[in-house]
$ cat coords_5.cif   # mmCIF, C-alpha atoms
data_run
loop_
_atom_site.group_PDB
_atom_site.id
_atom_site.type_symbol
_atom_site.label_atom_id
_atom_site.label_comp_id
_atom_site.auth_asym_id
_atom_site.auth_seq_id
_atom_site.Cartn_x
_atom_site.Cartn_y
_atom_site.Cartn_z
ATOM 1 C CA MET A 1 3.071 8.994 -11.966
ATOM 2 C CA PRO A 2 5.578 8.808 -14.832
ATOM 3 C CA ALA A 3 8.513 10.100 -12.783
ATOM 4 C CA GLY A 4 7.648 8.045 -9.690
ATOM 5 C CA LYS A 5 6.846 9.489 -6.278
ATOM 6 C CA PRO A 6 8.673 10.172 -3.031
ATOM 7 C CA ALA A 7 8.656 7.477 -0.365
ATOM 8 C CA GLY A 8 5.752 7.834 2.020
ATOM 9 C CA VAL A 9 3.633 9.837 -0.416
ATOM 10 C CA PRO A 10 0.427 8.070 -1.469
ATOM 11 C CA CYS A 11 -0.103 7.475 -5.173
ATOM 12 C CA VAL A 12 -2.177 10.220 -6.811
ATOM 13 C CA GLN A 13 -4.602 7.537 -8.001
ATOM 14 C CA LEU A 14 -5.687 6.581 -4.479
ATOM 15 C CA ASP A 15 -9.049 7.802 -3.227
ATOM 16 C CA GLU A 16 -9.886 9.013 0.294
ATOM 17 C CA ALA A 17 -10.088 5.397 1.510
ATOM 18 C CA LEU A 18 -6.655 4.681 -0.102
ATOM 19 C CA ARG A 19 -8.250 2.458 -2.763
ATOM 20 C CA CYS A 20 -6.969 2.547 -6.339
ATOM 21 C CA ARG A 21 -9.182 4.559 -8.699
ATOM 22 C CA LEU A 22 -7.719 2.674 -11.679
ATOM 23 C CA PHE A 23 -8.194 -0.891 -10.398
ATOM 24 C CA GLY A 24 -9.568 -3.060 -13.194
ATOM 25 C CA ARG A 25 -9.246 -0.296 -15.793
ATOM 26 C CA PRO A 26 -7.071 -0.524 -18.925
ATOM 27 C CA GLU A 27 -5.132 2.644 -18.033
ATOM 28 C CA ARG A 28 -3.865 1.103 -14.801
ATOM 29 C CA PRO A 29 -0.044 0.914 -15.013
ATOM 30 C CA ARG A 30 1.401 -2.473 -15.933
ATOM 31 C CA PHE A 31 3.490 -2.538 -12.746
ATOM 32 C CA CYS A 32 0.423 -2.112 -10.541
ATOM 33 C CA ALA A 33 -1.503 -4.785 -12.419
ATOM 34 C CA SER A 34 1.408 -7.238 -12.106
ATOM 35 C CA LEU A 35 2.017 -6.642 -8.394
ATOM 36 C CA ARG A 36 1.083 -9.723 -6.370
ATOM 37 C CA PRO A 37 1.539 -8.819 -2.710
ATOM 38 C CA GLY A 38 2.039 -11.712 -0.320
ATOM 39 C CA PRO A 39 1.977 -12.077 3.460
ATOM 40 C CA GLU A 40 5.547 -10.755 3.808
ATOM 41 C CA MET A 41 4.571 -7.568 1.999
ATOM 42 C CA CYS A 42 1.223 -7.012 3.732
ATOM 43 C CA GLY A 43 2.264 -7.939 7.260
ATOM 44 C CA HIS A 44 -0.370 -8.162 9.972
ATOM 45 C CA ASN A 45 -1.567 -4.569 9.709
ATOM 46 C CA ARG A 46 -1.209 -1.326 7.755
ATOM 47 C CA GLN A 47 1.803 -0.207 9.821
ATOM 48 C CA GLU A 48 3.765 -3.368 8.921
ATOM 49 C CA ALA A 49 2.759 -3.083 5.261
ATOM 50 C CA MET A 50 3.870 0.533 5.096
ATOM 51 C CA ALA A 51 7.192 -0.315 6.771
ATOM 52 C CA TYR A 52 7.798 -2.991 4.131
ATOM 53 C CA LEU A 53 6.975 -0.573 1.292
ATOM 54 C CA ASP A 54 9.217 2.073 2.823
ATOM 55 C CA ALA A 55 12.092 -0.421 2.936
ATOM 56 C CA LEU A 56 11.507 -1.319 -0.726
ATOM 57 C CA GLU A 57 11.491 2.321 -1.751
ATOM 58 C CA ARG A 58 14.721 3.014 0.149
ATOM 59 C CA ALA A 59 16.395 -0.094 -1.313
ATOM 60 C CA THR A 60 15.501 0.862 -4.884
ATOM 61 C CA ARG A 61 16.148 4.596 -4.635
ATOM 62 C CA PRO A 62 18.349 5.801 -7.548
#
$ encode --input "coords_5.cif" --output "structure tokens"
Amino acid sequence: MPAGKPAGVPCVQLDEALRCRLFGRPERPRFCASLRPGPEMCGHNRQEAMAYLDALERATRP
């Protein structure tokens, strides 16, 4: 997604189970490969993780 994506919109590379189709492949973006999520990013469940990602997207919005 060269121009990025709107907050709350899943990446186009995610499959139906929300798993990355490019994981482990050379065409996977450098950012994705370098991302090392920790407990503060993942939370205790999907809802907490998505809230964290939403906050990051809002904080880094141009």
$ residues_around --input "coords_5.cif" --residues "region 6-16 of chain A" --least-positions-apart "5" --cutoff "9 Å" --atoms "all atoms listed in the file" --output "ChimeraX atom specification"
/A:1,21-22,50,53-54,57-58
$ axis_aligned_box --input "coords_5.cif" --around "region 13-16 of chain A" --padding-each-side "4 Å" --output "lines of an AutoDock Vina configuration file"
center_x = -7.2
center_y = 7.8
center_z = -3.9
size_x = 13.3
size_y = 10.4
size_z = 16.3
$ residues_around --input "coords_5.cif" --residues "Tyr52 (chain A)" --least-positions-apart "3" --cutoff "12 Å" --atoms "only C-alpha atoms" --output "ChimeraX atom specification"
/A:7-8,37-49,55-59
$ atom_distance --input "coords_5.cif" --atom1 "CA of Glu27 (chain A)" --atom2 "CA of Pro62 (chain A)"
25.9 Å
$ atom_distance --input "coords_5.cif" --atom1 "CA of Ala51 (chain A)" --atom2 "CA of Leu35 (chain A)"
17.2 Å
$ atom_distance --input "coords_5.cif" --atom1 "CA of Arg61 (chain A)" --atom2 "CA of Arg28 (chain A)"
22.7 Å
$ decode --input "coords_5.cif" --residues "region 15-42 of chain A" --atoms "N, CA and C atoms" --output "compact mmCIF listing (two decimals), in the first residue's frame"
# COMPACT_ATOMS: atom_id res chain seq x y z
N ASP A 15 -5.40 -11.96 4.65
CA ASP A 15 -6.38 -12.92 4.13
C ASP A 15 -7.65 -12.88 4.98
N GLU A 16 -8.55 -13.82 4.75
CA GLU A 16 -9.84 -13.85 5.45
C GLU A 16 -9.68 -14.02 6.96
N ALA A 17 -8.58 -14.67 7.38
CA ALA A 17 -8.31 -14.87 8.80
C ALA A 17 -7.45 -13.74 9.37
N LEU A 18 -7.25 -12.67 8.58
CA LEU A 18 -6.43 -11.51 8.96
C LEU A 18 -4.97 -11.87 9.16
N ARG A 19 -4.49 -12.84 8.41
CA ARG A 19 -3.07 -13.23 8.43
C ARG A 19 -2.40 -12.66 7.18
N CYS A 20 -1.16 -12.24 7.34
CA CYS A 20 -0.42 -11.61 6.24
C CYS A 20 -0.09 -12.63 5.14
N ARG A 21 -0.47 -12.29 3.92
CA ARG A 21 -0.17 -13.15 2.76
C ARG A 21 1.30 -13.05 2.36
N LEU A 22 2.00 -12.01 2.82
CA LEU A 22 3.39 -11.79 2.42
C LEU A 22 4.39 -12.22 3.50
N PHE A 23 3.91 -12.72 4.62
CA PHE A 23 4.81 -13.08 5.72
C PHE A 23 5.88 -14.06 5.24
N GLY A 24 7.14 -13.72 5.50
CA GLY A 24 8.25 -14.57 5.11
C GLY A 24 8.65 -14.48 3.65
N ARG A 25 8.02 -13.60 2.89
CA ARG A 25 8.33 -13.46 1.47
C ARG A 25 9.17 -12.21 1.24
N PRO A 26 10.04 -12.23 0.24
CA PRO A 26 10.92 -11.07 0.00
C PRO A 26 10.18 -9.79 -0.35
N GLU A 27 8.98 -9.87 -0.90
CA GLU A 27 8.25 -8.65 -1.26
C GLU A 27 7.51 -8.01 -0.08
N ARG A 28 7.60 -8.63 1.08
CA ARG A 28 6.98 -8.03 2.27
C ARG A 28 7.66 -6.70 2.57
N PRO A 29 6.88 -5.64 2.81
CA PRO A 29 7.49 -4.32 3.07
C PRO A 29 8.46 -4.35 4.25
N ARG A 30 9.51 -3.55 4.13
CA ARG A 30 10.54 -3.49 5.18
C ARG A 30 9.93 -3.13 6.53
N PHE A 31 8.99 -2.18 6.52
CA PHE A 31 8.36 -1.78 7.79
C PHE A 31 7.72 -2.97 8.48
N CYS A 32 6.96 -3.75 7.73
CA CYS A 32 6.26 -4.90 8.32
C CYS A 32 7.26 -5.91 8.87
N ALA A 33 8.33 -6.15 8.12
CA ALA A 33 9.33 -7.12 8.56
C ALA A 33 10.06 -6.64 9.81
N SER A 34 10.19 -5.32 9.98
CA SER A 34 10.93 -4.79 11.13
C SER A 34 10.05 -4.60 12.36
N LEU A 35 8.74 -4.66 12.20
CA LEU A 35 7.83 -4.45 13.32
C LEU A 35 7.96 -5.56 14.35
N ARG A 36 8.20 -5.20 15.58
CA ARG A 36 8.35 -6.16 16.67
C ARG A 36 7.34 -5.82 17.76
N PRO A 37 6.09 -6.25 17.58
CA PRO A 37 5.07 -5.90 18.57
C PRO A 37 5.36 -6.52 19.93
N GLY A 38 5.10 -5.75 20.97
CA GLY A 38 5.29 -6.22 22.34
C GLY A 38 3.95 -6.26 23.06
N PRO A 39 3.98 -6.62 24.33
CA PRO A 39 2.74 -6.72 25.11
C PRO A 39 1.91 -5.44 25.12
N GLU A 40 2.56 -4.27 25.13
CA GLU A 40 1.81 -3.01 25.15
C GLU A 40 1.07 -2.79 23.84
N MET A 41 1.59 -3.31 22.75
CA MET A 41 0.94 -3.16 21.46
C MET A 41 -0.16 -4.20 21.27
N CYS A 42 0.05 -5.40 21.73
CA CYS A 42 -0.91 -6.49 21.52
C CYS A 42 -2.05 -6.50 22.53
